[in-house]
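Data from target03.pdb: PDB, C-alpha atoms and all ligand atoms
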ATOM      1  CA  MET S   1      85.595  95.676 108.280  1.00  0.00           C
ATOM      2  CA  ARG S   2      85.821  93.297 105.344  1.00  0.00           C
ATOM      3  CA  GLU S   3      88.143  90.364 105.657  1.00  0.00           C
ATOM      4  CA  ALA S   4      90.602  89.755 102.844  1.00  0.00           C
ATOM      5  CA  ARG S   5      89.842  86.544 101.011  1.00  0.00           C
ATOM      6  CA  CYS S   6      92.082  84.102  99.192  1.00  0.00           C
ATOM      7  CA  THR S   7      92.465  85.062  95.554  1.00  0.00           C
ATOM      8  CA  VAL S   8      95.702  83.240  94.770  1.00  0.00           C
ATOM      9  CA  ASP S   9      96.007  79.703  93.514  1.00  0.00           C
ATOM     10  CA  THR S  10      97.598  76.773  95.309  1.00  0.00           C
ATOM     11  CA  ALA S  11     100.928  77.103  93.476  1.00  0.00           C
ATOM     12  CA  ASP S  12     101.188  80.756  94.500  1.00  0.00           C
ATOM     13  CA  THR S  13     100.377  79.872  98.103  1.00  0.00           C
ATOM     14  CA  PHE S  14     102.953  77.077  98.079  1.00  0.00           C
ATOM     15  CA  SER S  15     105.538  79.463  96.618  1.00  0.00           C
ATOM     16  CA  GLN S  16     104.830  82.155  99.209  1.00  0.00           C
ATOM     17  CA  ILE S  17     105.064  79.664 102.086  1.00  0.00           C
ATOM     18  CA  TRP S  18     108.272  78.186 100.679  1.00  0.00           C
ATOM     19  CA  THR S  19     109.786  81.652 100.239  1.00  0.00           C
ATOM     20  CA  ALA S  20     108.961  82.519 103.858  1.00  0.00           C
ATOM     21  CA  PHE S  21     110.422  79.204 105.043  1.00  0.00           C
ATOM     22  CA  GLU S  22     113.682  79.705 103.114  1.00  0.00           C
ATOM     23  CA  ALA S  23     113.993  83.302 104.314  1.00  0.00           C
ATOM     24  CA  VAL S  24     113.294  82.194 107.923  1.00  0.00           C
ATOM     25  CA  HIS S  25     110.292  84.499 108.043  1.00  0.00           C
ATOM     26  CA  VAL S  26     107.428  83.742 110.390  1.00  0.00           C
ATOM     27  CA  LEU S  27     103.878  83.761 109.046  1.00  0.00           C
ATOM     28  CA  PRO S  28     100.901  84.264 111.375  1.00  0.00           C
ATOM     29  CA  ALA S  29      98.635  81.222 111.464  1.00  0.00           C
ATOM     30  CA  CYS S  30      95.285  80.708 113.173  1.00  0.00           C
ATOM     31  CA  ALA S  31      95.435  77.892 115.723  1.00  0.00           C
ATOM     32  CA  TRP S  32      91.673  77.334 115.325  1.00  0.00           C
ATOM     33  CA  CYS S  33      91.087  77.174 111.548  1.00  0.00           C
ATOM     34  CA  GLY S  34      94.656  76.737 110.323  1.00  0.00           C
ATOM     35  CA  GLN S  35      94.592  79.588 107.842  1.00  0.00           C
ATOM     36  CA  ILE S  36      97.728  81.645 107.419  1.00  0.00           C
ATOM     37  CA  ARG S  37      97.996  85.367 106.697  1.00  0.00           C
ATOM     38  CA  ILE S  38     100.147  86.547 103.811  1.00  0.00           C
ATOM     39  CA  ASP S  39      99.939  90.206 102.758  1.00  0.00           C
ATOM     40  CA  GLU S  40      96.567  90.638 104.523  1.00  0.00           C
ATOM     41  CA  ALA S  41      95.052  87.648 102.683  1.00  0.00           C
ATOM     42  CA  ARG S  42      93.951  84.627 104.686  1.00  0.00           C
ATOM     43  CA  LEU S  43      94.908  81.397 102.959  1.00  0.00           C
ATOM     44  CA  THR S  44      94.512  77.721 103.681  1.00  0.00           C
ATOM     45  CA  PRO S  45      97.976  76.221 103.276  1.00  0.00           C
ATOM     46  CA  PRO S  46      98.063  73.360 100.745  1.00  0.00           C
ATOM     47  CA  PRO S  47      99.051  70.020 102.330  1.00  0.00           C
ATOM     48  CA  ALA S  48     102.111  69.817 100.060  1.00  0.00           C
ATOM     49  CA  ALA S  49     103.392  73.099 101.482  1.00  0.00           C
ATOM     50  CA  LEU S  50     102.959  71.835 105.041  1.00  0.00           C
ATOM     51  CA  ALA S  51     104.839  68.660 104.113  1.00  0.00           C
ATOM     52  CA  ALA S  52     107.678  70.603 102.456  1.00  0.00           C
ATOM     53  CA  ILE S  53     108.447  72.958 105.337  1.00  0.00           C
ATOM     54  CA  ASP S  54     108.803  72.689 109.081  1.00  0.00           C
ATOM     55  CA  PRO S  55     105.696  74.523 110.352  1.00  0.00           C
ATOM     56  CA  ARG S  56     107.253  74.892 113.812  1.00  0.00           C
ATOM     57  CA  TYR S  57     109.702  77.424 112.408  1.00  0.00           C
ATOM     58  CA  THR S  58     107.483  79.052 109.789  1.00  0.00           C
ATOM     59  CA  PHE S  59     104.132  79.635 111.520  1.00  0.00           C
ATOM     60  CA  SER S  60     103.411  81.623 114.652  1.00  0.00           C
ATOM     61  CA  HIS S  61      99.986  80.694 115.965  1.00  0.00           C
ATOM     62  CA  SER S  62      97.348  83.049 117.249  1.00  0.00           C
ATOM     63  CA  ILE S  63      93.666  83.451 116.335  1.00  0.00           C
ATOM     64  CA  CYS S  64      92.185  85.103 113.242  1.00  0.00           C
ATOM     65  CA  GLU S  65      89.415  87.713 113.483  1.00  0.00           C
ATOM     66  CA  ARG S  66      86.745  85.311 112.189  1.00  0.00           C
ATOM     67  CA  CYS S  67      87.585  82.625 114.769  1.00  0.00           C
ATOM     68  CA  ALA S  68      87.952  85.233 117.526  1.00  0.00           C
ATOM     69  CA  THR S  69      84.443  86.489 116.767  1.00  0.00           C
ATOM     70  CA  ALA S  70      83.038  82.955 116.735  1.00  0.00           C
ATOM     71  CA  TYR S  71      84.906  82.063 119.920  1.00  0.00           C
ATOM     72  CA  ALA S  72      83.660  85.202 121.684  1.00  0.00           C
ATOM     73  CA  GLY S  73      80.087  84.253 120.776  1.00  0.00           C
ATOM     74  CA  THR S  74      80.592  80.701 122.039  1.00  0.00           C
ATOM     75  CA  ALA S  75      82.250  81.917 125.242  1.00  0.00           C
ATOM     76  CA  ALA S  76      79.375  84.343 125.889  1.00  0.00           C
ATOM     77  CA  THR S  77      76.830  81.551 125.337  1.00  0.00           C
ATOM     78  CA  LEU S  78      78.668  79.199 127.708  1.00  0.00           C
ATOM     79  CA  ALA S  79      79.060  81.925 130.349  1.00  0.00           C
ATOM     80  CA  ASP S  80      75.346  82.698 130.091  1.00  0.00           C
ATOM     81  CA  ARG S  81      74.512  78.990 130.402  1.00  0.00           C
ATOM     82  CA  ASP S  82      76.766  78.689 133.474  1.00  0.00           C
ATOM     83  CA  ARG S  83      75.085  81.700 135.101  1.00  0.00           C
ATOM     84  CA  ARG S  84      71.666  80.061 134.667  1.00  0.00           C
ATOM     85  CA  SER S  85      72.684  76.677 136.110  1.00  0.00           C
TER      86      SER S  85
HETATM   87 ZN    ZN S 101      90.783  81.156 112.315  1.00  0.00          ZN
END

So, in terms of C-alpha cells, how does the structure I just supplied come out?
Ligand SMILES: [Zn+2]
Amino acid sequence: MREARCTVDTADTFSQIWTAFEAVHVLPACAWCGQIRIDEARLTPPPAALAAIDPRYTFSHSICERCATAYAGTAATLADRDRRS
C-alpha cells in the first residue's frame, strides 16, 4: 500500500491545523516522527502552527504505519539479540 505524501504547502498545513484547533477537532499525530494525518496525507506540522495552537487538545498521538513498520523491525532485531544472549 502506498503512503500518502505531503503535497500541500506550509500555509495550507497551518490553515488546516488552525481550522481543526478552532473547531475542536482532534488530528491523529505520530508520537514517533511527529507527523500529523489530515485527509489521508501525512504532514509535518510547521513550528508556527504548533506555537499557535495547544497541541494537547488538537493532536491525539498514536503511531503511523511507517514508524510502526520500523519499530516492528527494531523490536524483532532486539528480541532476536536477546534470544542469542
Ligand atoms: Zn511516524

Expected answer as a count of residues only: residues within 6 Å of ligand ZN 101 (chain S), all atoms listed in the file: 7

Using only C-alpha atoms, what does the table of region 40-85 of chain S residues within 9 Å of region 9-21 of chain S look like, with each row giving the shortest atom pair and its distance in Å to one decimal, sorted by chain and ascending number, as CSV?
residue,atom,partner,partner_atom,distance
S:Leu43,CA,S:Thr13,CA,7.5
S:Thr44,CA,S:Thr13,CA,8.4
S:Pro45,CA,S:Thr13,CA,6.8
S:Pro46,CA,S:Thr10,CA,6.4
S:Ala48,CA,S:Phe14,CA,7.6
S:Ala49,CA,S:Phe14,CA,5.3
S:Leu50,CA,S:Ile17,CA,8.6
S:Ala52,CA,S:Trp18,CA,7.8
S:Ile53,CA,S:Phe21,CA,6.6
S:Asp54,CA,S:Phe21,CA,7.8
S:Pro55,CA,S:Phe21,CA,8.5
S:Tyr57,CA,S:Phe21,CA,7.6
S:Thr58,CA,S:Phe21,CA,5.6

Between CA of Ala29 (chain S) and CA of Ala68 (chain S), distance in Å (one decimal): 12.9 Å

Computed interatomic separation between CA of Arg37 (chain S) and CA of Ala72 (chain S) (Å): 20.7 Å

One-decimal distance in Å that lies between CA of Ala31 (chain S) and CA of Ser60 (chain S):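 Between CA of Ser60 (chain S) and CA of Ala31 (chain S) the gap works out to 8.9 Å.
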
Nearest candidate to Pro47 (chain S) (options S:Asp82, S:Ser62, S:Gln35, S:Ala76; using only C-alpha atoms): S:Gln35

Top pick for closest residue to Ile38 (chain S), considering S:Ala70, S:Ala51, S:Val26, S:Ala79 and counting only C-alpha atoms: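 Answer, going by the shortest atom-to-atom distance: S:Val26.
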
Residue nearest Phe59 (chain S) - candidates S:Glu22, S:Gly34, S:Pro28, S:Arg81, atoms counted: only C-alpha atoms: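 Closest to Phe59 (chain S) of all the choices is S:Pro28.
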
Residue nearest Val24 (chain S) among S:Leu78, S:Ala41, S:Glu65, S:Arg56 (counting all atoms listed in the file):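 For Val24 (chain S), the nearest of the candidates is S:Arg56.
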